[in-house]
Amino acid sequence: MSETKITEQIINTLIDDLTDTRKRTLELVEGLDQQQIIGPQLEIVNPLLWEIGHAAYFHEFWTLRHLDGADSFLTNADELYDSINIAHDDRWDLPLLPLDDTKAYMQQVLDAEIDRLKNNNVTALDVYLTRYAVFHEDMHTEAYTYSRRTLNYPMPVFANTVLADKNYDAGPLDGDVEIEGGCYLLGANQNTDFCFDNEKWQHPVNIEPFAIARAATSYQQYAAFVEDGGYNEPRFWDEAGWDWRQNNNLKTPDGWKKDAQGNWLIKQFEQWQPMRPHAAAVHISWFEASAWCRWAGRRLPTEAEWELAASGSPGDINEKRIYPWGDQTPNEKHVNMNSRAMRTIDVAALADGDSAYGCRQMLGNVWEWTADTFNPYPGFVADMYQDYSQPLFGQTKVLRGGAWTTRSRMIRNTWRNYYGPDRNDVFAGFRSCSF
Ligand SMILES: [Fe+2]
């Protein structure tokens, strides 16, 4: 936490963000029936009725209860919503509140949280924990969104969505940019307004000169691998990846099929739509991204290379830009985020968001797998919410940049996301490097 003076503007922004993330949560359960809101027991989803209550519980736990010593609005909140102590498989068997009562609890927490910001002497810790809870809810709204696709529920409806915009259809963006290597400072620096424990702190790593794609891999580029028989050739896959491909009997990425004319269709929520050839390929696992790279004679970037390409500039690899384009707050000219497009858009779109090296859409559109396993930076100390990063170290792969669903208020160049290498339900794709 930096020594920021807590201004009225900071407090008002926090209140707006609290209200906004809750609005998105409620939009994501809108129109679902009683059965859909619980859903089937799968390893990769939560029951939505549980998950929305859990998001409110997280706010209540860290702000009202932890900071103020207040009692929960519920007598059994910890038994219902504590994600650390309630095993994933048990979440379908809990005595959850009906939807209306869950919403009433969520509103009580939100009202009290806003009230304490308006009426207390707000400290840096208040701001940090409230922001943490907003970002936690933002991350869950991304999870509700991919869950709705996984479960074949209808596409959710958001007020800010613009489904068609000519700027989305900008076509392909081929080629690599060359980046000088050197001693790069990987991670967040101590002036950062807010960051998670896994980003702390910047530390020197040596990077050899490298060449990285200007854009993420498109559907058309990925389809060439599929059509070349890539899913039948063990030599393109590592051992765990080939086992995964075999066990799941995959011949294509998840949500691909051909129509009667032999054209690719891609699953968008519950619907099949024609493949947009130049849009970034999404719902690609790390195993698949790595196999494509082997087939193409390329490789995934390390997370240090990815971050340098996003935050450095020619002649100053340690410029440490907050965003690829600089420090201006992200808007729809820079990034496809906040569920504006409801899908990935063409990889040549949004030139205003280019990094100094000319890499496009490093933030937004699609999370990008890196070669690296998620591990702590030197000197790692877990933050107050101890289980944010620690349990996943050594078991997951790092992704960078955020997807079309991710909220732009929380993303930055140093942000590290992490999923298992088999996850093809999340909004993940990749960009590649040449050898
Ligand atoms: Fe959570």
# chains A, B, ... in the order shown; residues from 1 in each chain; ligands from 1
$ select_by_dssp --residues "range 120-249 of chain A" --states "strand (DSSP E or B)" --output "PyMOL selection string"
chain A and resi 176-179+182-186+203-207+210-213+218
$ write_last_selection --atoms "all heavy atoms" --output "short mmCIF file (atom, residue, chain, number, x, y, z; two decimals), in the first residue's frame"
data_model
loop_
_atom_site.label_atom_id
_atom_site.label_comp_id
_atom_site.auth_asym_id
_atom_site.auth_seq_id
_atom_site.Cartn_x
_atom_site.Cartn_y
_atom_site.Cartn_z
N ASP A 176 6.19 -10.09 -36.15
CA ASP A 176 6.76 -9.98 -34.80
C ASP A 176 7.40 -8.61 -34.63
O ASP A 176 7.74 -7.95 -35.62
CB ASP A 176 7.89 -11.01 -34.62
CG ASP A 176 7.38 -12.44 -34.58
OD1 ASP A 176 6.16 -12.65 -34.43
OD2 ASP A 176 8.21 -13.35 -34.72
N VAL A 177 7.58 -8.23 -33.39
CA VAL A 177 8.44 -7.08 -33.09
C VAL A 177 9.69 -7.61 -32.38
O VAL A 177 9.63 -8.59 -31.64
CB VAL A 177 7.74 -6.01 -32.22
CG1 VAL A 177 6.53 -5.45 -32.95
CG2 VAL A 177 7.34 -6.57 -30.87
N GLU A 178 10.81 -6.96 -32.66
CA GLU A 178 12.08 -7.35 -32.04
C GLU A 178 12.25 -6.50 -30.78
O GLU A 178 12.03 -5.29 -30.82
CB GLU A 178 13.25 -7.02 -32.98
CG GLU A 178 13.11 -7.56 -34.39
CD GLU A 178 13.73 -8.94 -34.51
OE1 GLU A 178 14.59 -9.26 -33.68
OE2 GLU A 178 13.33 -9.68 -35.43
N ILE A 179 12.63 -7.14 -29.71
CA ILE A 179 12.80 -6.41 -28.46
C ILE A 179 14.18 -6.70 -27.89
O ILE A 179 14.59 -7.87 -27.79
CB ILE A 179 11.68 -6.76 -27.46
CG1 ILE A 179 10.32 -6.35 -28.05
CG2 ILE A 179 11.93 -6.10 -26.11
CD1 ILE A 179 9.14 -6.54 -27.17
N GLY A 182 18.02 -7.47 -21.77
CA GLY A 182 18.71 -6.70 -20.74
C GLY A 182 18.24 -7.10 -19.37
O GLY A 182 17.55 -8.12 -19.19
N CYS A 183 18.62 -6.29 -18.39
CA CYS A 183 18.22 -6.56 -17.01
C CYS A 183 16.88 -5.88 -16.77
O CYS A 183 16.80 -4.66 -16.64
CB CYS A 183 19.29 -6.01 -16.06
SG CYS A 183 18.88 -6.32 -14.35
N TYR A 184 15.83 -6.68 -16.76
CA TYR A 184 14.47 -6.14 -16.66
C TYR A 184 13.95 -6.28 -15.23
O TYR A 184 14.19 -7.29 -14.56
CB TYR A 184 13.54 -6.90 -17.63
CG TYR A 184 12.10 -6.46 -17.50
CD1 TYR A 184 11.72 -5.17 -17.86
CD2 TYR A 184 11.13 -7.32 -16.98
CE1 TYR A 184 10.41 -4.75 -17.71
CE2 TYR A 184 9.82 -6.90 -16.84
CZ TYR A 184 9.46 -5.61 -17.20
OH TYR A 184 8.17 -5.20 -17.04
N LEU A 185 13.22 -5.26 -14.80
CA LEU A 185 12.64 -5.30 -13.45
C LEU A 185 11.23 -5.87 -13.55
O LEU A 185 10.28 -5.18 -13.94
CB LEU A 185 12.63 -3.90 -12.85
CG LEU A 185 14.03 -3.32 -12.60
CD1 LEU A 185 13.95 -1.83 -12.22
CD2 LEU A 185 14.75 -4.11 -11.51
N LEU A 186 11.09 -7.13 -13.21
CA LEU A 186 9.81 -7.85 -13.32
C LEU A 186 8.97 -7.62 -12.07
O LEU A 186 9.45 -7.81 -10.94
CB LEU A 186 10.08 -9.35 -13.49
CG LEU A 186 8.87 -10.28 -13.51
CD1 LEU A 186 7.99 -10.02 -14.73
CD2 LEU A 186 9.32 -11.74 -13.49
N HIS A 203 11.82 -7.02 -9.39
CA HIS A 203 13.14 -7.59 -9.11
C HIS A 203 13.83 -7.86 -10.45
O HIS A 203 13.15 -8.14 -11.45
CB HIS A 203 12.99 -8.89 -8.30
CG HIS A 203 12.14 -9.91 -8.97
ND1 HIS A 203 10.76 -9.82 -9.00
CD2 HIS A 203 12.46 -11.01 -9.68
CE1 HIS A 203 10.28 -10.84 -9.69
NE2 HIS A 203 11.28 -11.58 -10.12
N PRO A 204 15.16 -7.79 -10.50
CA PRO A 204 15.84 -7.92 -11.79
C PRO A 204 15.83 -9.35 -12.33
O PRO A 204 16.05 -10.30 -11.58
CB PRO A 204 17.27 -7.46 -11.47
CG PRO A 204 17.42 -7.61 -10.00
CD PRO A 204 16.07 -7.49 -9.38
N VAL A 205 15.53 -9.46 -13.61
CA VAL A 205 15.67 -10.74 -14.30
C VAL A 205 16.38 -10.46 -15.63
O VAL A 205 16.19 -9.39 -16.22
CB VAL A 205 14.31 -11.43 -14.59
CG1 VAL A 205 13.62 -11.84 -13.32
CG2 VAL A 205 13.39 -10.54 -15.41
N ASN A 206 17.18 -11.40 -16.08
CA ASN A 206 17.90 -11.19 -17.32
C ASN A 206 17.08 -11.72 -18.50
O ASN A 206 16.59 -12.85 -18.45
CB ASN A 206 19.26 -11.87 -17.26
CG ASN A 206 20.20 -11.24 -18.25
OD1 ASN A 206 20.29 -10.01 -18.34
ND2 ASN A 206 20.86 -12.07 -19.04
N ILE A 207 16.92 -10.91 -19.51
CA ILE A 207 16.14 -11.32 -20.69
C ILE A 207 17.03 -11.18 -21.93
O ILE A 207 17.60 -10.11 -22.17
CB ILE A 207 14.87 -10.45 -20.84
CG1 ILE A 207 13.97 -10.60 -19.60
CG2 ILE A 207 14.11 -10.82 -22.10
CD1 ILE A 207 12.68 -9.78 -19.66
N PHE A 210 14.59 -10.88 -27.97
CA PHE A 210 13.57 -11.82 -28.44
C PHE A 210 12.64 -11.14 -29.43
O PHE A 210 12.66 -9.90 -29.57
CB PHE A 210 12.77 -12.40 -27.26
CG PHE A 210 11.95 -11.38 -26.49
CD1 PHE A 210 10.57 -11.27 -26.68
CD2 PHE A 210 12.55 -10.54 -25.57
CE1 PHE A 210 9.82 -10.35 -25.96
CE2 PHE A 210 11.80 -9.59 -24.86
CZ PHE A 210 10.44 -9.50 -25.05
N ALA A 211 11.84 -11.95 -30.12
CA ALA A 211 10.85 -11.43 -31.07
C ALA A 211 9.49 -12.02 -30.69
O ALA A 211 9.35 -13.23 -30.54
CB ALA A 211 11.22 -11.82 -32.49
N ILE A 212 8.52 -11.13 -30.52
CA ILE A 212 7.18 -11.55 -30.06
C ILE A 212 6.13 -11.06 -31.05
O ILE A 212 6.29 -9.98 -31.64
CB ILE A 212 6.92 -11.03 -28.62
CG1 ILE A 212 5.61 -11.58 -28.06
CG2 ILE A 212 6.94 -9.50 -28.56
CD1 ILE A 212 5.44 -11.35 -26.55
N ALA A 213 5.07 -11.84 -31.21
CA ALA A 213 4.02 -11.49 -32.17
C ALA A 213 3.37 -10.16 -31.79
O ALA A 213 3.15 -9.87 -30.61
CB ALA A 213 2.96 -12.59 -32.21
N SER A 218 -4.86 -15.79 -33.95
CA SER A 218 -6.27 -15.66 -34.37
C SER A 218 -6.88 -17.05 -34.58
O SER A 218 -6.18 -18.07 -34.66
CB SER A 218 -6.34 -14.87 -35.68
OG SER A 218 -5.74 -15.63 -36.72
#
$ residues_around --residues "Gln41 in chain A" --least-positions-apart "4" --cutoff "8 Å" --atoms "only C-alpha atoms" --output "list in words"
Val45, Asn46, Pro47, Asp89 and Trp92 of chain A
$ residues_around --residues "Ser339 in chain A" --least-positions-apart "2" --cutoff "6 Å" --atoms "only C-alpha atoms" --output "list of chain:residue names"
A:Met337, A:Ala341, A:Met342, A:Trp404, A:Thr405
$ residues_near_ligand --ligand "ligand 1" --cutoff "8 Å" --atoms "only C-alpha atoms and all ligand atoms" --output "mmCIF file with N, CA, C and O atoms, in the first residue's frame"
data_model
loop_
_atom_site.group_PDB
_atom_site.id
_atom_site.type_symbol
_atom_site.label_atom_id
_atom_site.label_comp_id
_atom_site.auth_asym_id
_atom_site.auth_seq_id
_atom_site.Cartn_x
_atom_site.Cartn_y
_atom_site.Cartn_z
ATOM 1 N N GLU A 51 -22.221 -18.589 -5.372
ATOM 2 C CA GLU A 51 -21.102 -17.707 -5.732
ATOM 3 C C GLU A 51 -21.459 -16.228 -5.522
ATOM 4 O O GLU A 51 -20.610 -15.438 -5.082
ATOM 5 N N HIS A 54 -21.314 -15.591 -1.858
ATOM 6 C CA HIS A 54 -19.909 -15.605 -1.444
ATOM 7 C C HIS A 54 -19.221 -14.265 -1.745
ATOM 8 O O HIS A 54 -18.427 -13.774 -0.941
ATOM 9 N N ALA A 55 -19.551 -13.670 -2.902
ATOM 10 C CA ALA A 55 -18.938 -12.370 -3.240
ATOM 11 C C ALA A 55 -19.334 -11.316 -2.202
ATOM 12 O O ALA A 55 -18.493 -10.518 -1.758
ATOM 13 N N PHE A 58 -17.534 -11.922 1.116
ATOM 14 C CA PHE A 58 -16.139 -11.479 1.101
ATOM 15 C C PHE A 58 -16.056 -9.998 1.484
ATOM 16 O O PHE A 58 -15.195 -9.594 2.265
ATOM 17 N N SER A 83 -15.063 -19.704 1.319
ATOM 18 C CA SER A 83 -14.540 -20.566 0.243
ATOM 19 C C SER A 83 -13.319 -21.367 0.680
ATOM 20 O O SER A 83 -12.993 -22.384 0.077
ATOM 21 N N HIS A 136 -12.236 -8.696 -6.116
ATOM 22 C CA HIS A 136 -12.644 -10.087 -5.914
ATOM 23 C C HIS A 136 -13.999 -10.327 -6.584
ATOM 24 O O HIS A 136 -14.198 -11.328 -7.285
ATOM 25 N N GLU A 137 -14.933 -9.382 -6.396
ATOM 26 C CA GLU A 137 -16.242 -9.533 -7.037
ATOM 27 C C GLU A 137 -16.104 -9.430 -8.555
ATOM 28 O O GLU A 137 -16.749 -10.182 -9.303
ATOM 29 N N MET A 139 -13.572 -10.405 -10.300
ATOM 30 C CA MET A 139 -13.050 -11.695 -10.782
ATOM 31 C C MET A 139 -14.162 -12.738 -10.820
ATOM 32 O O MET A 139 -14.226 -13.566 -11.733
ATOM 33 N N HIS A 140 -15.053 -12.686 -9.824
ATOM 34 C CA HIS A 140 -16.174 -13.627 -9.855
ATOM 35 C C HIS A 140 -17.135 -13.307 -11.000
ATOM 36 O O HIS A 140 -17.710 -14.228 -11.576
#
$ residues_around --residues "Pro98 in chain A" --least-positions-apart "6" --cutoff "12 Å" --atoms "only C-alpha atoms" --output "PyMOL selection string"
chain A and resi 33-35+37-38+48-50+52-53+104-105
$ write_last_selection --atoms "N, CA and C atoms" --output "PDB file, in the first residue's frame"
ATOM      1  N   ASP A  33     -33.408 -19.575 -14.197  1.00  0.00           N
ATOM      2  CA  ASP A  33     -34.437 -20.184 -13.350  1.00  0.00           C
ATOM      3  C   ASP A  33     -33.788 -20.886 -12.141  1.00  0.00           C
ATOM      4  N   GLN A  34     -34.641 -21.419 -11.283  1.00  0.00           N
ATOM      5  CA  GLN A  34     -34.173 -22.039 -10.028  1.00  0.00           C
ATOM      6  C   GLN A  34     -33.141 -23.143 -10.266  1.00  0.00           C
ATOM      7  N   GLN A  35     -33.374 -23.901 -11.318  1.00  0.00           N
ATOM      8  CA  GLN A  35     -32.460 -25.002 -11.620  1.00  0.00           C
ATOM      9  C   GLN A  35     -31.125 -24.482 -12.142  1.00  0.00           C
ATOM     10  N   ILE A  37     -29.736 -21.662 -11.574  1.00  0.00           N
ATOM     11  CA  ILE A  37     -28.964 -20.892 -10.607  1.00  0.00           C
ATOM     12  C   ILE A  37     -28.183 -21.801  -9.645  1.00  0.00           C
ATOM     13  N   ILE A  38     -28.541 -23.061  -9.616  1.00  0.00           N
ATOM     14  CA  ILE A  38     -27.715 -24.043  -8.893  1.00  0.00           C
ATOM     15  C   ILE A  38     -26.811 -24.754  -9.895  1.00  0.00           C
ATOM     16  N   LEU A  48     -24.157 -20.859  -9.015  1.00  0.00           N
ATOM     17  CA  LEU A  48     -24.195 -19.389  -9.073  1.00  0.00           C
ATOM     18  C   LEU A  48     -24.847 -18.792  -7.833  1.00  0.00           C
ATOM     19  N   LEU A  49     -25.869 -19.459  -7.303  1.00  0.00           N
ATOM     20  CA  LEU A  49     -26.529 -18.932  -6.101  1.00  0.00           C
ATOM     21  C   LEU A  49     -25.542 -18.863  -4.936  1.00  0.00           C
ATOM     22  N   TRP A  50     -24.645 -19.835  -4.846  1.00  0.00           N
ATOM     23  CA  TRP A  50     -23.601 -19.814  -3.823  1.00  0.00           C
ATOM     24  C   TRP A  50     -22.601 -18.696  -4.112  1.00  0.00           C
ATOM     25  N   ILE A  52     -22.698 -15.841  -5.813  1.00  0.00           N
ATOM     26  CA  ILE A  52     -23.056 -14.428  -5.624  1.00  0.00           C
ATOM     27  C   ILE A  52     -23.122 -14.090  -4.132  1.00  0.00           C
ATOM     28  N   GLY A  53     -23.602 -15.034  -3.311  1.00  0.00           N
ATOM     29  CA  GLY A  53     -23.603 -14.807  -1.861  1.00  0.00           C
ATOM     30  C   GLY A  53     -22.188 -14.741  -1.318  1.00  0.00           C
ATOM     31  N   ALA A 104     -31.168  -9.911  -0.737  1.00  0.00           N
ATOM     32  CA  ALA A 104     -31.398  -8.986   0.387  1.00  0.00           C
ATOM     33  C   ALA A 104     -30.135  -8.897   1.253  1.00  0.00           C
ATOM     34  N   TYR A 105     -29.487 -10.046   1.504  1.00  0.00           N
ATOM     35  CA  TYR A 105     -28.217 -10.050   2.266  1.00  0.00           C
ATOM     36  C   TYR A 105     -27.157  -9.235   1.519  1.00  0.00           C
TER      37      TYR A 105
END
$ residues_around --residues "range 270-279 of chain A" --least-positions-apart "2" --cutoff "10 Å" --atoms "only C-alpha atoms" --output "JSON, numbers by chain"
{"A": [148, 149, 150, 151, 152, 153, 154, 155, 168, 169, 170, 171, 172, 173, 216, 217, 218, 219, 220, 221, 222, 223, 255, 256, 257, 258, 259, 263, 264, 265, 266, 267, 268, 281, 282, 343, 344, 345, 346, 347, 348, 349, 365, 366]}
$ write_last_selection --atoms "N, CA and C atoms" --output "tab-separated table (two decimals), in the first residue's frame"
chain	number	residue	atom	x	y	z
A	148	ARG	N	-21.56	-19.30	-17.55
A	148	ARG	CA	-22.77	-19.27	-18.38
A	148	ARG	C	-22.49	-19.89	-19.75
A	149	ARG	N	-21.28	-19.73	-20.25
A	149	ARG	CA	-20.93	-20.38	-21.52
A	149	ARG	C	-20.77	-21.89	-21.32
A	150	THR	N	-20.05	-22.26	-20.25
A	150	THR	CA	-19.83	-23.68	-19.98
A	150	THR	C	-21.15	-24.42	-19.86
A	151	LEU	N	-22.12	-23.76	-19.20
A	151	LEU	CA	-23.40	-24.42	-18.91
A	151	LEU	C	-24.44	-24.23	-20.02
A	152	ASN	N	-24.03	-23.62	-21.13
A	152	ASN	CA	-24.95	-23.36	-22.26
A	152	ASN	C	-26.15	-22.52	-21.86
A	153	TYR	N	-25.93	-21.55	-20.97
A	153	TYR	CA	-26.98	-20.60	-20.63
A	153	TYR	C	-26.94	-19.46	-21.65
A	154	PRO	N	-28.06	-18.70	-21.75
A	154	PRO	CA	-28.06	-17.60	-22.72
A	154	PRO	C	-27.00	-16.54	-22.39
A	155	MET	N	-26.61	-15.82	-23.41
A	155	MET	CA	-25.65	-14.74	-23.23
A	155	MET	C	-26.24	-13.70	-22.26
A	168	TYR	N	-14.44	-3.29	-34.54
A	168	TYR	CA	-14.06	-4.64	-34.14
A	168	TYR	C	-13.48	-5.44	-35.32
A	169	ASP	N	-13.92	-5.08	-36.55
A	169	ASP	CA	-13.61	-5.92	-37.72
A	169	ASP	C	-12.40	-5.38	-38.46
A	170	ALA	N	-11.28	-5.36	-37.80
A	170	ALA	CA	-10.09	-4.69	-38.34
A	170	ALA	C	-9.15	-5.65	-39.06
A	171	GLY	N	-9.46	-6.96	-39.05
A	171	GLY	CA	-8.65	-7.91	-39.80
A	171	GLY	C	-7.45	-8.44	-39.05
A	172	PRO	N	-6.51	-9.03	-39.81
A	172	PRO	CA	-5.35	-9.68	-39.18
A	172	PRO	C	-4.25	-8.68	-38.86
A	173	LEU	N	-3.33	-9.10	-38.04
A	173	LEU	CA	-2.14	-8.28	-37.75
A	173	LEU	C	-0.97	-9.26	-37.60
A	216	ALA	N	-2.24	-11.42	-30.73
A	216	ALA	CA	-2.58	-12.76	-30.26
A	216	ALA	C	-2.89	-13.66	-31.47
A	217	THR	N	-2.77	-14.95	-31.28
A	217	THR	CA	-3.07	-15.93	-32.33
A	217	THR	C	-4.56	-15.88	-32.66
A	218	SER	N	-4.86	-15.79	-33.95
A	218	SER	CA	-6.27	-15.66	-34.37
A	218	SER	C	-6.88	-17.05	-34.58
A	219	TYR	N	-8.20	-17.06	-34.73
A	219	TYR	CA	-8.89	-18.32	-35.05
A	219	TYR	C	-8.34	-18.94	-36.33
A	220	GLN	N	-8.13	-18.10	-37.34
A	220	GLN	CA	-7.65	-18.64	-38.62
A	220	GLN	C	-6.27	-19.29	-38.44
A	221	GLN	N	-5.41	-18.63	-37.67
A	221	GLN	CA	-4.07	-19.19	-37.43
A	221	GLN	C	-4.16	-20.49	-36.64
A	222	TYR	N	-5.07	-20.52	-35.67
A	222	TYR	CA	-5.20	-21.75	-34.88
A	222	TYR	C	-5.84	-22.87	-35.72
A	223	ALA	N	-6.81	-22.48	-36.57
A	223	ALA	CA	-7.51	-23.48	-37.39
A	223	ALA	C	-6.54	-24.19	-38.35
A	255	GLY	N	-15.78	-26.20	-28.28
A	255	GLY	CA	-16.73	-25.27	-28.90
A	255	GLY	C	-16.43	-24.99	-30.37
A	256	TRP	N	-15.85	-25.94	-31.07
A	256	TRP	CA	-15.65	-25.81	-32.52
A	256	TRP	C	-16.40	-26.96	-33.20
A	257	LYS	N	-17.08	-26.64	-34.30
A	257	LYS	CA	-17.61	-27.71	-35.16
A	257	LYS	C	-17.78	-27.14	-36.57
A	258	LYS	N	-18.00	-28.03	-37.54
A	258	LYS	CA	-18.18	-27.57	-38.92
A	258	LYS	C	-19.65	-27.65	-39.32
A	259	ASP	N	-20.08	-26.68	-40.13
A	259	ASP	CA	-21.45	-26.76	-40.65
A	259	ASP	C	-21.47	-27.66	-41.89
A	263	ASN	N	-17.72	-25.15	-43.10
A	263	ASN	CA	-17.20	-23.93	-42.47
A	263	ASN	C	-17.22	-24.07	-40.94
A	264	TRP	N	-16.23	-23.51	-40.30
A	264	TRP	CA	-16.15	-23.60	-38.85
A	264	TRP	C	-17.23	-22.77	-38.16
A	265	LEU	N	-17.83	-23.37	-37.13
A	265	LEU	CA	-18.73	-22.66	-36.25
A	265	LEU	C	-18.11	-22.65	-34.85
A	266	ILE	N	-18.33	-21.58	-34.13
A	266	ILE	CA	-17.76	-21.43	-32.79
A	266	ILE	C	-18.89	-21.21	-31.80
A	267	LYS	N	-18.84	-21.89	-30.68
A	267	LYS	CA	-19.90	-21.77	-29.67
A	267	LYS	C	-19.74	-20.46	-28.89
A	268	GLN	N	-20.80	-19.65	-28.92
A	268	GLN	CA	-20.85	-18.41	-28.14
A	268	GLN	C	-22.00	-18.58	-27.16
A	281	ALA	N	-8.26	-16.24	-31.03
A	281	ALA	CA	-8.77	-17.55	-30.61
A	281	ALA	C	-8.86	-17.57	-29.08
A	282	VAL	N	-9.97	-18.09	-28.56
A	282	VAL	CA	-10.20	-18.09	-27.10
A	282	VAL	C	-10.77	-19.44	-26.71
A	343	ARG	N	-17.28	-10.76	-26.85
A	343	ARG	CA	-16.50	-11.78	-27.56
A	343	ARG	C	-15.14	-11.20	-27.85
A	344	THR	N	-14.23	-12.03	-28.37
A	344	THR	CA	-12.97	-11.47	-28.84
A	344	THR	C	-13.20	-10.81	-30.19
A	345	ILE	N	-12.47	-9.74	-30.44
A	345	ILE	CA	-12.58	-9.00	-31.70
A	345	ILE	C	-11.30	-9.21	-32.51
A	346	ASP	N	-11.29	-8.68	-33.74
A	346	ASP	CA	-10.14	-8.90	-34.63
A	346	ASP	C	-8.85	-8.40	-33.98
A	347	VAL	N	-7.78	-9.12	-34.25
A	347	VAL	CA	-6.52	-8.82	-33.57
A	347	VAL	C	-5.88	-7.53	-34.03
A	348	ALA	N	-6.32	-6.97	-35.16
A	348	ALA	CA	-5.74	-5.69	-35.60
A	348	ALA	C	-6.50	-4.48	-35.03
A	349	ALA	N	-7.57	-4.73	-34.30
A	349	ALA	CA	-8.38	-3.61	-33.78
A	349	ALA	C	-7.68	-2.91	-32.62
A	365	ASN	N	-9.31	-8.35	-24.63
A	365	ASN	CA	-9.64	-9.32	-25.68
A	365	ASN	C	-9.47	-10.76	-25.18
A	366	VAL	N	-8.24	-11.18	-24.87
A	366	VAL	CA	-8.05	-12.57	-24.44
A	366	VAL	C	-6.90	-12.65	-23.44
$ residues_around --residues "range 64-79 of chain A" --least-positions-apart "5" --cutoff "12 Å" --atoms "only C-alpha atoms" --output "MDAnalysis selection string"
chainID A and resid 50 53:59 84:87 90:91 93:97 101:102 104:117 120 122:130 133 384:385
$ atom_distance --atom1 "CA of Gln261 in chain A" --atom2 "CA of Glu227 in chain A"
15.2 Å
